[in-house]
$ cat protein_32.cif   # mmCIF, N, CA and C atoms
data_model
loop_
_atom_site.label_atom_id
_atom_site.label_comp_id
_atom_site.auth_asym_id
_atom_site.auth_seq_id
_atom_site.Cartn_x
_atom_site.Cartn_y
_atom_site.Cartn_z
N MET A 41 14.94 12.83 -13.00
CA MET A 41 16.15 12.09 -13.24
C MET A 41 16.61 12.35 -14.66
N GLN A 42 17.91 12.50 -14.84
CA GLN A 42 18.46 12.78 -16.16
C GLN A 42 19.64 11.85 -16.45
N LEU A 43 19.72 11.42 -17.71
CA LEU A 43 20.79 10.54 -18.17
C LEU A 43 21.31 11.06 -19.49
N SER A 44 22.60 10.87 -19.73
CA SER A 44 23.20 11.28 -21.01
C SER A 44 24.21 10.23 -21.44
N ASP A 45 24.33 10.06 -22.75
CA ASP A 45 25.33 9.15 -23.29
C ASP A 45 25.42 9.39 -24.79
N GLU A 46 26.25 8.60 -25.43
CA GLU A 46 26.37 8.67 -26.88
C GLU A 46 26.72 7.28 -27.41
N VAL A 47 26.41 7.08 -28.68
CA VAL A 47 26.71 5.81 -29.32
C VAL A 47 27.15 6.11 -30.76
N ILE A 48 28.13 5.35 -31.25
CA ILE A 48 28.57 5.47 -32.65
C ILE A 48 27.86 4.39 -33.45
N ILE A 49 27.22 4.82 -34.54
CA ILE A 49 26.51 3.90 -35.42
C ILE A 49 27.24 3.93 -36.76
N PRO A 50 27.72 2.78 -37.22
CA PRO A 50 28.57 2.76 -38.42
C PRO A 50 27.83 2.88 -39.75
N VAL A 51 26.94 3.87 -39.84
CA VAL A 51 26.21 4.15 -41.08
C VAL A 51 26.09 5.66 -41.24
N PRO A 52 25.78 6.14 -42.45
CA PRO A 52 25.64 7.58 -42.68
C PRO A 52 24.50 8.19 -41.85
N ARG A 53 24.65 9.46 -41.55
CA ARG A 53 23.69 10.18 -40.71
C ARG A 53 22.27 10.11 -41.27
N MET A 54 22.07 10.20 -42.59
CA MET A 54 20.72 10.18 -43.16
C MET A 54 20.03 8.84 -42.87
N LYS A 55 20.79 7.78 -42.90
CA LYS A 55 20.22 6.45 -42.61
C LYS A 55 19.78 6.37 -41.14
N VAL A 56 20.57 6.94 -40.25
CA VAL A 56 20.22 6.98 -38.82
C VAL A 56 18.97 7.83 -38.65
N TRP A 57 18.90 8.97 -39.32
CA TRP A 57 17.74 9.85 -39.23
C TRP A 57 16.47 9.12 -39.68
N GLU A 58 16.56 8.40 -40.79
CA GLU A 58 15.39 7.66 -41.28
C GLU A 58 14.93 6.63 -40.26
N ALA A 59 15.87 5.94 -39.63
CA ALA A 59 15.51 4.94 -38.61
C ALA A 59 14.86 5.61 -37.40
N LEU A 60 15.33 6.79 -37.02
CA LEU A 60 14.74 7.52 -35.89
C LEU A 60 13.29 7.92 -36.15
N ASN A 61 12.91 7.96 -37.40
CA ASN A 61 11.55 8.36 -37.77
C ASN A 61 10.69 7.20 -38.24
N ASP A 62 11.16 5.99 -38.04
CA ASP A 62 10.43 4.79 -38.46
C ASP A 62 9.74 4.18 -37.23
N PRO A 63 8.39 4.22 -37.17
CA PRO A 63 7.69 3.70 -36.00
C PRO A 63 8.01 2.22 -35.71
N GLU A 64 8.22 1.43 -36.73
CA GLU A 64 8.53 0.01 -36.50
C GLU A 64 9.90 -0.16 -35.86
N VAL A 65 10.87 0.64 -36.28
CA VAL A 65 12.19 0.61 -35.64
C VAL A 65 12.05 1.04 -34.19
N LEU A 66 11.31 2.13 -33.94
CA LEU A 66 11.12 2.61 -32.57
C LEU A 66 10.43 1.55 -31.71
N ARG A 67 9.41 0.88 -32.26
CA ARG A 67 8.70 -0.17 -31.51
C ARG A 67 9.67 -1.27 -31.07
N GLN A 68 10.55 -1.66 -31.96
CA GLN A 68 11.50 -2.73 -31.64
C GLN A 68 12.54 -2.28 -30.62
N CYS A 69 12.79 -0.99 -30.55
CA CYS A 69 13.82 -0.46 -29.65
C CYS A 69 13.31 -0.15 -28.25
N ILE A 70 12.06 0.23 -28.14
CA ILE A 70 11.51 0.62 -26.83
C ILE A 70 11.28 -0.65 -26.01
N PRO A 71 12.02 -0.83 -24.93
CA PRO A 71 11.85 -2.03 -24.11
C PRO A 71 10.41 -2.15 -23.59
N GLY A 72 9.81 -3.30 -23.80
CA GLY A 72 8.44 -3.54 -23.32
C GLY A 72 7.36 -2.97 -24.20
N CYS A 73 7.73 -2.40 -25.36
CA CYS A 73 6.72 -1.81 -26.25
C CYS A 73 5.92 -2.92 -26.91
N GLU A 74 4.62 -2.90 -26.68
CA GLU A 74 3.73 -3.90 -27.27
C GLU A 74 3.15 -3.41 -28.58
N GLU A 75 2.96 -2.10 -28.67
CA GLU A 75 2.32 -1.54 -29.85
C GLU A 75 2.69 -0.07 -29.98
N ILE A 76 2.86 0.37 -31.24
CA ILE A 76 3.07 1.79 -31.51
C ILE A 76 2.33 2.10 -32.80
N THR A 77 1.55 3.15 -32.77
CA THR A 77 0.73 3.53 -33.91
C THR A 77 1.06 4.96 -34.29
N LYS A 78 1.42 5.16 -35.56
CA LYS A 78 1.75 6.51 -36.04
C LYS A 78 0.45 7.24 -36.36
N LEU A 79 0.25 8.40 -35.74
CA LEU A 79 -0.93 9.22 -35.97
C LEU A 79 -0.66 10.32 -36.98
N SER A 80 0.58 10.83 -36.96
CA SER A 80 1.00 11.88 -37.89
C SER A 80 2.53 11.82 -37.96
N ASP A 81 3.14 12.74 -38.67
CA ASP A 81 4.60 12.77 -38.75
C ASP A 81 5.25 13.08 -37.41
N THR A 82 4.48 13.63 -36.47
CA THR A 82 5.06 14.01 -35.18
C THR A 82 4.35 13.38 -33.97
N GLU A 83 3.32 12.57 -34.20
CA GLU A 83 2.57 11.99 -33.08
C GLU A 83 2.35 10.50 -33.26
N MET A 84 2.51 9.78 -32.13
CA MET A 84 2.27 8.34 -32.11
C MET A 84 1.60 7.99 -30.79
N GLU A 85 0.95 6.84 -30.76
CA GLU A 85 0.43 6.27 -29.52
C GLU A 85 1.17 4.98 -29.27
N ALA A 86 1.42 4.67 -28.00
CA ALA A 86 2.17 3.46 -27.68
C ALA A 86 1.62 2.80 -26.43
N THR A 87 1.80 1.48 -26.36
CA THR A 87 1.51 0.71 -25.16
C THR A 87 2.81 0.03 -24.76
N VAL A 88 3.24 0.28 -23.52
CA VAL A 88 4.53 -0.22 -23.04
C VAL A 88 4.35 -0.83 -21.65
N THR A 89 4.95 -1.99 -21.42
CA THR A 89 4.95 -2.61 -20.11
C THR A 89 6.36 -2.55 -19.55
N VAL A 90 6.48 -2.04 -18.32
CA VAL A 90 7.78 -1.85 -17.69
C VAL A 90 7.77 -2.51 -16.31
N LYS A 91 8.88 -3.16 -15.98
CA LYS A 91 9.05 -3.75 -14.66
C LYS A 91 10.13 -2.97 -13.93
N MET A 92 9.76 -2.46 -12.74
CA MET A 92 10.71 -1.73 -11.89
C MET A 92 10.77 -2.47 -10.56
N GLY A 93 11.81 -3.26 -10.41
CA GLY A 93 11.90 -4.08 -9.19
C GLY A 93 10.72 -5.03 -9.14
N PRO A 94 9.97 -5.04 -8.03
CA PRO A 94 8.85 -5.95 -7.90
C PRO A 94 7.57 -5.45 -8.57
N VAL A 95 7.59 -4.23 -9.11
CA VAL A 95 6.39 -3.62 -9.67
C VAL A 95 6.42 -3.68 -11.20
N LYS A 96 5.32 -4.15 -11.78
CA LYS A 96 5.19 -4.21 -13.23
C LYS A 96 3.95 -3.40 -13.60
N ALA A 97 4.10 -2.52 -14.57
CA ALA A 97 2.97 -1.67 -14.97
C ALA A 97 2.93 -1.54 -16.49
N SER A 98 1.71 -1.49 -17.00
CA SER A 98 1.48 -1.25 -18.42
C SER A 98 1.03 0.19 -18.59
N PHE A 99 1.68 0.91 -19.49
CA PHE A 99 1.36 2.30 -19.75
C PHE A 99 0.83 2.45 -21.17
N LYS A 100 -0.23 3.21 -21.30
CA LYS A 100 -0.73 3.57 -22.63
C LYS A 100 -0.61 5.08 -22.71
N GLY A 101 0.02 5.55 -23.78
CA GLY A 101 0.21 6.98 -23.84
C GLY A 101 0.60 7.50 -25.19
N ALA A 102 1.02 8.75 -25.20
CA ALA A 102 1.35 9.46 -26.42
C ALA A 102 2.84 9.70 -26.53
N VAL A 103 3.32 9.65 -27.76
CA VAL A 103 4.72 9.95 -28.08
C VAL A 103 4.70 11.10 -29.09
N THR A 104 5.51 12.12 -28.82
CA THR A 104 5.54 13.30 -29.69
C THR A 104 6.97 13.62 -30.09
N LEU A 105 7.15 13.97 -31.35
CA LEU A 105 8.44 14.44 -31.85
C LEU A 105 8.35 15.96 -31.97
N SER A 106 9.37 16.66 -31.45
CA SER A 106 9.38 18.12 -31.52
C SER A 106 10.81 18.60 -31.73
N ASP A 107 10.96 19.91 -31.86
CA ASP A 107 12.28 20.51 -32.11
C ASP A 107 13.00 19.77 -33.25
N ILE A 108 12.24 19.45 -34.28
CA ILE A 108 12.76 18.65 -35.39
C ILE A 108 13.71 19.47 -36.25
N ASP A 109 14.92 18.95 -36.41
CA ASP A 109 15.95 19.54 -37.26
C ASP A 109 16.39 18.41 -38.19
N PRO A 110 15.71 18.27 -39.36
CA PRO A 110 15.93 17.11 -40.21
C PRO A 110 17.40 16.74 -40.41
N SER A 111 17.66 15.49 -40.21
CA SER A 111 18.96 14.80 -40.29
C SER A 111 19.95 15.21 -39.20
N ASN A 112 19.54 16.13 -38.30
CA ASN A 112 20.42 16.53 -37.21
C ASN A 112 19.91 16.12 -35.83
N GLY A 113 18.59 15.98 -35.68
CA GLY A 113 18.06 15.54 -34.40
C GLY A 113 16.67 16.04 -34.10
N TYR A 114 16.18 15.67 -32.93
CA TYR A 114 14.87 16.08 -32.45
C TYR A 114 14.73 15.76 -30.98
N ARG A 115 13.57 16.10 -30.45
CA ARG A 115 13.20 15.69 -29.09
C ARG A 115 12.06 14.71 -29.23
N ILE A 116 12.18 13.55 -28.59
CA ILE A 116 11.11 12.57 -28.55
C ILE A 116 10.62 12.54 -27.10
N SER A 117 9.33 12.78 -26.92
CA SER A 117 8.73 12.86 -25.59
C SER A 117 7.57 11.89 -25.50
N GLY A 118 7.33 11.41 -24.31
CA GLY A 118 6.20 10.53 -24.11
C GLY A 118 5.63 10.69 -22.73
N HIS A 119 4.36 10.38 -22.61
CA HIS A 119 3.72 10.35 -21.30
C HIS A 119 2.62 9.29 -21.35
N GLY A 120 2.45 8.61 -20.24
CA GLY A 120 1.45 7.56 -20.20
C GLY A 120 0.92 7.35 -18.81
N LYS A 121 -0.19 6.64 -18.75
CA LYS A 121 -0.82 6.35 -17.47
C LYS A 121 -1.05 4.85 -17.36
N SER A 122 -1.03 4.40 -16.11
CA SER A 122 -1.35 3.02 -15.80
C SER A 122 -2.21 3.01 -14.55
N MET A 123 -2.64 1.84 -14.15
CA MET A 123 -3.41 1.71 -12.91
C MET A 123 -2.56 2.10 -11.70
N MET A 124 -1.24 2.05 -11.85
CA MET A 124 -0.30 2.29 -10.75
C MET A 124 0.23 3.72 -10.71
N GLY A 125 -0.09 4.53 -11.70
CA GLY A 125 0.43 5.89 -11.71
C GLY A 125 0.77 6.34 -13.12
N GLY A 126 1.65 7.29 -13.22
CA GLY A 126 2.00 7.84 -14.52
C GLY A 126 3.50 7.88 -14.74
N ALA A 127 3.87 8.02 -15.99
CA ALA A 127 5.27 8.16 -16.36
C ALA A 127 5.36 9.19 -17.49
N ALA A 128 6.41 9.98 -17.45
CA ALA A 128 6.64 10.96 -18.51
C ALA A 128 8.14 11.10 -18.69
N GLY A 129 8.53 11.44 -19.89
CA GLY A 129 9.94 11.64 -20.14
C GLY A 129 10.20 11.91 -21.59
N GLY A 130 11.46 12.01 -21.89
CA GLY A 130 11.82 12.26 -23.26
C GLY A 130 13.32 12.20 -23.44
N ALA A 131 13.72 12.37 -24.68
CA ALA A 131 15.14 12.36 -25.00
C ALA A 131 15.42 13.39 -26.08
N ASP A 132 16.44 14.20 -25.85
CA ASP A 132 16.97 15.08 -26.88
C ASP A 132 18.02 14.26 -27.61
N VAL A 133 17.83 14.10 -28.92
CA VAL A 133 18.71 13.26 -29.72
C VAL A 133 19.38 14.13 -30.77
N ARG A 134 20.70 14.07 -30.84
CA ARG A 134 21.46 14.84 -31.82
C ARG A 134 22.37 13.90 -32.60
N LEU A 135 22.49 14.15 -33.89
CA LEU A 135 23.32 13.33 -34.78
C LEU A 135 24.48 14.17 -35.30
N GLN A 136 25.66 13.54 -35.34
CA GLN A 136 26.86 14.21 -35.86
C GLN A 136 27.63 13.24 -36.74
N ASP A 137 28.15 13.75 -37.85
CA ASP A 137 29.02 12.94 -38.69
C ASP A 137 30.35 12.73 -37.98
N VAL A 138 30.83 11.49 -38.00
CA VAL A 138 32.15 11.15 -37.48
C VAL A 138 32.78 10.19 -38.49
N PRO A 139 34.10 10.02 -38.47
CA PRO A 139 34.74 9.13 -39.44
C PRO A 139 34.18 7.71 -39.43
N GLU A 140 33.71 7.23 -38.27
CA GLU A 140 33.18 5.87 -38.15
C GLU A 140 31.75 5.75 -38.65
N GLY A 141 31.07 6.87 -38.93
CA GLY A 141 29.67 6.85 -39.36
C GLY A 141 28.92 8.03 -38.75
N THR A 142 28.08 7.74 -37.76
CA THR A 142 27.27 8.78 -37.12
C THR A 142 27.36 8.65 -35.60
N LYS A 143 27.59 9.78 -34.94
CA LYS A 143 27.55 9.78 -33.48
C LYS A 143 26.16 10.27 -33.07
N LEU A 144 25.46 9.44 -32.28
CA LEU A 144 24.16 9.80 -31.74
C LEU A 144 24.38 10.15 -30.27
N VAL A 145 24.08 11.40 -29.92
CA VAL A 145 24.23 11.88 -28.54
C VAL A 145 22.82 12.07 -27.99
N TYR A 146 22.58 11.56 -26.77
CA TYR A 146 21.25 11.70 -26.21
C TYR A 146 21.30 12.14 -24.75
N HIS A 147 20.26 12.91 -24.39
CA HIS A 147 20.04 13.39 -23.03
C HIS A 147 18.60 13.00 -22.69
N VAL A 148 18.44 12.12 -21.72
CA VAL A 148 17.13 11.58 -21.35
C VAL A 148 16.69 12.17 -20.02
N ASP A 149 15.40 12.48 -19.93
CA ASP A 149 14.81 12.85 -18.64
C ASP A 149 13.56 12.00 -18.44
N ALA A 150 13.32 11.56 -17.20
CA ALA A 150 12.17 10.70 -16.91
C ALA A 150 11.61 11.01 -15.53
N HIS A 151 10.30 10.86 -15.41
CA HIS A 151 9.59 11.11 -14.16
C HIS A 151 8.50 10.07 -13.99
N VAL A 152 8.35 9.53 -12.80
CA VAL A 152 7.31 8.56 -12.49
C VAL A 152 6.50 9.09 -11.32
N THR A 153 5.17 8.93 -11.38
CA THR A 153 4.30 9.43 -10.32
C THR A 153 3.34 8.34 -9.85
N GLY A 154 2.66 8.61 -8.76
CA GLY A 154 1.62 7.71 -8.26
C GLY A 154 2.18 6.56 -7.44
N LYS A 155 1.38 5.51 -7.30
CA LYS A 155 1.76 4.35 -6.49
C LYS A 155 3.06 3.72 -6.97
N ILE A 156 3.25 3.68 -8.28
CA ILE A 156 4.46 3.05 -8.81
C ILE A 156 5.71 3.80 -8.32
N ALA A 157 5.60 5.11 -8.19
CA ALA A 157 6.75 5.91 -7.72
C ALA A 157 7.07 5.59 -6.27
N SER A 158 6.05 5.42 -5.45
CA SER A 158 6.32 5.13 -4.03
C SER A 158 6.72 3.68 -3.81
N LEU A 159 6.12 2.75 -4.55
CA LEU A 159 6.43 1.33 -4.36
C LEU A 159 7.78 0.93 -4.94
N ALA A 160 8.17 1.58 -6.02
CA ALA A 160 9.40 1.18 -6.72
C ALA A 160 10.46 2.27 -6.71
N GLN A 161 10.41 3.18 -5.76
CA GLN A 161 11.30 4.35 -5.73
C GLN A 161 12.76 4.00 -5.95
N ARG A 162 13.27 3.02 -5.22
CA ARG A 162 14.70 2.73 -5.34
C ARG A 162 15.08 2.02 -6.64
N PHE A 163 14.07 1.58 -7.40
CA PHE A 163 14.35 0.89 -8.67
C PHE A 163 14.21 1.81 -9.88
N ILE A 164 13.66 3.01 -9.68
CA ILE A 164 13.35 3.87 -10.83
C ILE A 164 14.60 4.29 -11.59
N GLU A 165 15.61 4.83 -10.91
CA GLU A 165 16.80 5.30 -11.63
C GLU A 165 17.57 4.15 -12.29
N PRO A 166 17.85 3.03 -11.58
CA PRO A 166 18.56 1.94 -12.27
C PRO A 166 17.76 1.38 -13.45
N THR A 167 16.44 1.31 -13.31
CA THR A 167 15.62 0.82 -14.40
C THR A 167 15.66 1.79 -15.57
N ALA A 168 15.56 3.07 -15.31
CA ALA A 168 15.61 4.07 -16.37
C ALA A 168 16.94 4.01 -17.11
N ARG A 169 18.03 3.85 -16.36
CA ARG A 169 19.36 3.74 -17.00
C ARG A 169 19.43 2.50 -17.89
N GLN A 170 18.92 1.40 -17.38
CA GLN A 170 18.94 0.14 -18.13
C GLN A 170 18.08 0.24 -19.39
N LEU A 171 16.86 0.78 -19.26
CA LEU A 171 15.97 0.90 -20.41
C LEU A 171 16.52 1.86 -21.46
N SER A 172 17.12 2.95 -21.01
CA SER A 172 17.71 3.91 -21.93
C SER A 172 18.86 3.27 -22.71
N ALA A 173 19.75 2.61 -21.99
CA ALA A 173 20.88 1.95 -22.65
C ALA A 173 20.40 0.88 -23.62
N GLN A 174 19.39 0.11 -23.20
CA GLN A 174 18.85 -0.95 -24.05
C GLN A 174 18.24 -0.36 -25.32
N PHE A 175 17.49 0.75 -25.19
CA PHE A 175 16.89 1.39 -26.35
C PHE A 175 17.96 1.78 -27.35
N PHE A 176 18.99 2.51 -26.90
CA PHE A 176 19.97 3.04 -27.84
C PHE A 176 20.90 1.96 -28.39
N GLU A 177 21.18 0.92 -27.62
CA GLU A 177 21.98 -0.20 -28.15
C GLU A 177 21.19 -0.93 -29.24
N THR A 178 19.91 -1.21 -28.98
CA THR A 178 19.07 -1.87 -29.98
C THR A 178 18.91 -0.99 -31.20
N PHE A 179 18.72 0.32 -30.97
CA PHE A 179 18.57 1.24 -32.08
C PHE A 179 19.82 1.24 -32.96
N ALA A 180 20.98 1.29 -32.35
CA ALA A 180 22.23 1.29 -33.13
C ALA A 180 22.33 0.04 -33.99
N THR A 181 21.96 -1.10 -33.43
CA THR A 181 22.01 -2.35 -34.18
C THR A 181 21.02 -2.33 -35.35
N LEU A 182 19.78 -1.92 -35.08
CA LEU A 182 18.77 -1.90 -36.13
C LEU A 182 19.06 -0.87 -37.21
N ALA A 183 19.53 0.30 -36.81
CA ALA A 183 19.84 1.35 -37.80
C ALA A 183 20.95 0.90 -38.73
N ALA A 184 21.89 0.15 -38.20
CA ALA A 184 22.99 -0.34 -39.04
C ALA A 184 22.53 -1.42 -40.00
N LYS A 185 21.44 -2.10 -39.67
CA LYS A 185 20.92 -3.18 -40.53
C LYS A 185 19.88 -2.71 -41.53
N GLU A 186 19.23 -1.58 -41.26
CA GLU A 186 18.14 -1.12 -42.11
C GLU A 186 18.63 -0.92 -43.54
N PRO A 187 17.85 -1.38 -44.53
CA PRO A 187 18.24 -1.16 -45.93
C PRO A 187 18.13 0.32 -46.28
N GLY A 188 18.91 0.73 -47.28
CA GLY A 188 18.77 2.12 -47.71
C GLY A 188 20.04 2.75 -48.09
#
$ encode --input "protein_32.cif" --output "structure tokens"
Amino acid sequence: MQLSDEVIIPVPRMKVWEALNDPEVLRQCIPGCEEITKLSDTEMEATVTVKMGPVKASFKGAVTLSDIDPSNGYRISGHGKSMMGGAAGGADVRLQDVPEGTKLVYHVDAHVTGKIASLAQRFIEPTARQLSAQFFETFATLAAKEPG
């Protein structure tokens, strides 16, 4: 499944870039994120609980930043496992200067496997759309508030 959208954040691109690389900002933006630990400049571990229709699952997994182009964008990818199956996905994030501040353009891909995929099949795409929109709306709000 793939999703794309964009959001205008009324702050300079460098400030948005700094927020994209702040594990605490990311933790607050990822819906259901209970914990995120930075292991290196490009690797983190996270625990996330997601509800898809009647199915709720906790995933523990890895988050990786790649294709890093400082102040212009990167790819953020994650994969995790739960008792109900697995989830993997990522987002290509690009930043552009616009008169209003910064335009953040994103392309998300997500995949769910195992029991959770069969039990919650019809809820996966709407849930992914909702979680993606929630992440980027929260991110836009937090990036605009971050000092700097």
$ residues_around --input "protein_32.cif" --residues "Pro50 of chain A" --least-positions-apart "3" --cutoff "7 Å" --atoms "only C-alpha atoms" --output "VMD selection string"
chain A and resid 140 to 142 184
$ closest_residue --input "protein_32.cif" --among "A:Asp62, A:Glu74, A:Asp45, A:Asp149" --to "Lys100 of chain A" --atoms "only C-alpha atoms"
A:Glu74
$ resolve_selection --input "protein_32.cif" --expression "the PyMOL selection byres ((chain A and resi 98) around 8)" --output "VMD selection string"
chain A and resid 87 to 91 95 to 97 99 to 101 120 to 124
$ atom_distance --input "protein_32.cif" --atom1 "atom C of Val152 of chain A" --atom2 "atom CA of His119 of chain A"
10.4 Å
$ residues_around --input "protein_32.cif" --residues "Gln174 of chain A" --least-positions-apart "2" --cutoff "12 Å" --atoms "only C-alpha atoms" --output "ChimeraX atom specification"
/A:47,68-72,167-172,176-181
$ atom_distance --input "protein_32.cif" --atom1 "atom CA of Thr104 of chain A" --atom2 "atom C of Gly130 of chain A"
10.0 Å
$ atom_distance --input "protein_32.cif" --atom1 "atom CA of Ala59 of chain A" --atom2 "atom CA of Pro166 of chain A"
26.7 Å
$ resolve_selection --input "protein_32.cif" --expression "the PyMOL selection byres ((chain A and resi 114) around 6.5)" --output "list in words"
Leu105, Ser106, Asp107, Ile108, Asp109, Asn112, Gly113, Arg115, Ile116, Ala131, Asp132, Val133 and Arg134 of chain A
$ write_last_selection --input "protein_32.cif" --atoms "N, CA and C atoms" --output "PDB file, keeping the file's coordinate frame"
ATOM      1  N   LEU A 105       7.150  13.970 -31.350  1.00  0.00           N
ATOM      2  CA  LEU A 105       8.440  14.440 -31.850  1.00  0.00           C
ATOM      3  C   LEU A 105       8.350  15.960 -31.970  1.00  0.00           C
ATOM      4  N   SER A 106       9.370  16.660 -31.450  1.00  0.00           N
ATOM      5  CA  SER A 106       9.380  18.120 -31.520  1.00  0.00           C
ATOM      6  C   SER A 106      10.810  18.600 -31.730  1.00  0.00           C
ATOM      7  N   ASP A 107      10.960  19.910 -31.860  1.00  0.00           N
ATOM      8  CA  ASP A 107      12.280  20.510 -32.110  1.00  0.00           C
ATOM      9  C   ASP A 107      13.000  19.770 -33.250  1.00  0.00           C
ATOM     10  N   ILE A 108      12.240  19.450 -34.280  1.00  0.00           N
ATOM     11  CA  ILE A 108      12.760  18.650 -35.390  1.00  0.00           C
ATOM     12  C   ILE A 108      13.710  19.470 -36.250  1.00  0.00           C
ATOM     13  N   ASP A 109      14.920  18.950 -36.410  1.00  0.00           N
ATOM     14  CA  ASP A 109      15.950  19.540 -37.260  1.00  0.00           C
ATOM     15  C   ASP A 109      16.390  18.410 -38.190  1.00  0.00           C
ATOM     16  N   ASN A 112      19.540  16.130 -38.300  1.00  0.00           N
ATOM     17  CA  ASN A 112      20.420  16.530 -37.210  1.00  0.00           C
ATOM     18  C   ASN A 112      19.910  16.120 -35.830  1.00  0.00           C
ATOM     19  N   GLY A 113      18.590  15.980 -35.680  1.00  0.00           N
ATOM     20  CA  GLY A 113      18.060  15.540 -34.400  1.00  0.00           C
ATOM     21  C   GLY A 113      16.670  16.040 -34.100  1.00  0.00           C
ATOM     22  N   ARG A 115      13.570  16.100 -30.450  1.00  0.00           N
ATOM     23  CA  ARG A 115      13.200  15.690 -29.090  1.00  0.00           C
ATOM     24  C   ARG A 115      12.060  14.710 -29.230  1.00  0.00           C
ATOM     25  N   ILE A 116      12.180  13.550 -28.590  1.00  0.00           N
ATOM     26  CA  ILE A 116      11.110  12.570 -28.550  1.00  0.00           C
ATOM     27  C   ILE A 116      10.620  12.540 -27.100  1.00  0.00           C
ATOM     28  N   ALA A 131      13.720  12.370 -24.680  1.00  0.00           N
ATOM     29  CA  ALA A 131      15.140  12.360 -25.000  1.00  0.00           C
ATOM     30  C   ALA A 131      15.420  13.390 -26.080  1.00  0.00           C
ATOM     31  N   ASP A 132      16.440  14.200 -25.850  1.00  0.00           N
ATOM     32  CA  ASP A 132      16.970  15.080 -26.880  1.00  0.00           C
ATOM     33  C   ASP A 132      18.020  14.260 -27.610  1.00  0.00           C
ATOM     34  N   VAL A 133      17.830  14.100 -28.920  1.00  0.00           N
ATOM     35  CA  VAL A 133      18.710  13.260 -29.720  1.00  0.00           C
ATOM     36  C   VAL A 133      19.380  14.130 -30.770  1.00  0.00           C
ATOM     37  N   ARG A 134      20.700  14.070 -30.840  1.00  0.00           N
ATOM     38  CA  ARG A 134      21.460  14.840 -31.820  1.00  0.00           C
ATOM     39  C   ARG A 134      22.370  13.900 -32.600  1.00  0.00           C
TER      40      ARG A 134
END
$ select_by_dssp --input "protein_32.cif" --residues "segment 58-168 of chain A" --states "helix (DSSP H, G or I)" --output "PyMOL selection string"
chain A and resi 58-60+63-69+155-159+161-168
$ residues_around --input "protein_32.cif" --residues "Gly129 of chain A" --least-positions-apart "3" --cutoff "5 Å" --atoms "only N, CA and C atoms" --output "ChimeraX atom specification"
/A:117-118,149-151
$ write_last_selection --input "protein_32.cif" --atoms "N, CA and C atoms" --output "tab-separated table (two decimals), in the coordinates of the input"
chain	number	residue	atom	x	y	z
A	117	SER	N	9.33	12.78	-26.92
A	117	SER	CA	8.73	12.86	-25.59
A	117	SER	C	7.57	11.89	-25.50
A	118	GLY	N	7.33	11.41	-24.31
A	118	GLY	CA	6.20	10.53	-24.11
A	118	GLY	C	5.63	10.69	-22.73
A	149	ASP	N	15.40	12.48	-19.93
A	149	ASP	CA	14.81	12.85	-18.64
A	149	ASP	C	13.56	12.00	-18.44
A	150	ALA	N	13.32	11.56	-17.20
A	150	ALA	CA	12.17	10.70	-16.91
A	150	ALA	C	11.61	11.01	-15.53
A	151	HIS	N	10.30	10.86	-15.41
A	151	HIS	CA	9.59	11.11	-14.16
A	151	HIS	C	8.50	10.07	-13.99
$ resolve_selection --input "protein_32.cif" --expression "the PyMOL selection byres ((chain A and resi 153-155) around 6)" --output "PDB file with N, CA and C atoms, keeping the file's coordinate frame"
ATOM      1  N   MET A 124      -1.240   2.050 -11.850  1.00  0.00           N
ATOM      2  CA  MET A 124      -0.300   2.290 -10.750  1.00  0.00           C
ATOM      3  C   MET A 124       0.230   3.720 -10.710  1.00  0.00           C
ATOM      4  N   GLY A 125      -0.090   4.530 -11.700  1.00  0.00           N
ATOM      5  CA  GLY A 125       0.430   5.890 -11.710  1.00  0.00           C
ATOM      6  C   GLY A 125       0.770   6.340 -13.120  1.00  0.00           C
ATOM      7  N   GLY A 126       1.650   7.290 -13.220  1.00  0.00           N
ATOM      8  CA  GLY A 126       2.000   7.840 -14.520  1.00  0.00           C
ATOM      9  C   GLY A 126       3.500   7.880 -14.740  1.00  0.00           C
ATOM     10  N   ALA A 127       3.870   8.020 -15.990  1.00  0.00           N
ATOM     11  CA  ALA A 127       5.270   8.160 -16.360  1.00  0.00           C
ATOM     12  C   ALA A 127       5.360   9.190 -17.490  1.00  0.00           C
ATOM     13  N   HIS A 151      10.300  10.860 -15.410  1.00  0.00           N
ATOM     14  CA  HIS A 151       9.590  11.110 -14.160  1.00  0.00           C
ATOM     15  C   HIS A 151       8.500  10.070 -13.990  1.00  0.00           C
ATOM     16  N   VAL A 152       8.350   9.530 -12.800  1.00  0.00           N
ATOM     17  CA  VAL A 152       7.310   8.560 -12.490  1.00  0.00           C
ATOM     18  C   VAL A 152       6.500   9.090 -11.320  1.00  0.00           C
ATOM     19  N   ILE A 156       3.250   3.680  -8.280  1.00  0.00           N
ATOM     20  CA  ILE A 156       4.460   3.050  -8.810  1.00  0.00           C
ATOM     21  C   ILE A 156       5.710   3.800  -8.320  1.00  0.00           C
ATOM     22  N   ALA A 157       5.600   5.110  -8.190  1.00  0.00           N
ATOM     23  CA  ALA A 157       6.750   5.910  -7.720  1.00  0.00           C
ATOM     24  C   ALA A 157       7.070   5.590  -6.270  1.00  0.00           C
ATOM     25  N   SER A 158       6.050   5.420  -5.450  1.00  0.00           N
ATOM     26  CA  SER A 158       6.320   5.130  -4.030  1.00  0.00           C
ATOM     27  C   SER A 158       6.720   3.680  -3.810  1.00  0.00           C
ATOM     28  N   LEU A 159       6.120   2.750  -4.550  1.00  0.00           N
ATOM     29  CA  LEU A 159       6.430   1.330  -4.360  1.00  0.00           C
ATOM     30  C   LEU A 159       7.780   0.930  -4.940  1.00  0.00           C
ATOM     31  N   ALA A 160       8.170   1.580  -6.020  1.00  0.00           N
ATOM     32  CA  ALA A 160       9.400   1.180  -6.720  1.00  0.00           C
ATOM     33  C   ALA A 160      10.460   2.270  -6.710  1.00  0.00           C
TER      34      ALA A 160
END
$ select_by_dssp --input "protein_32.cif" --residues "segment 45-128 of chain A" --states "strand (DSSP E or B)" --output "PyMOL selection string"
chain A and resi 45-49+73-78+83-92+95-109+113-122+125-128
$ residues_around --input "protein_32.cif" --residues "Asp81 of chain A" --least-positions-apart "2" --cutoff "8 Å" --atoms "only N, CA and C atoms" --output "ChimeraX atom specification"
/A:61,78-79,83-84,104-105
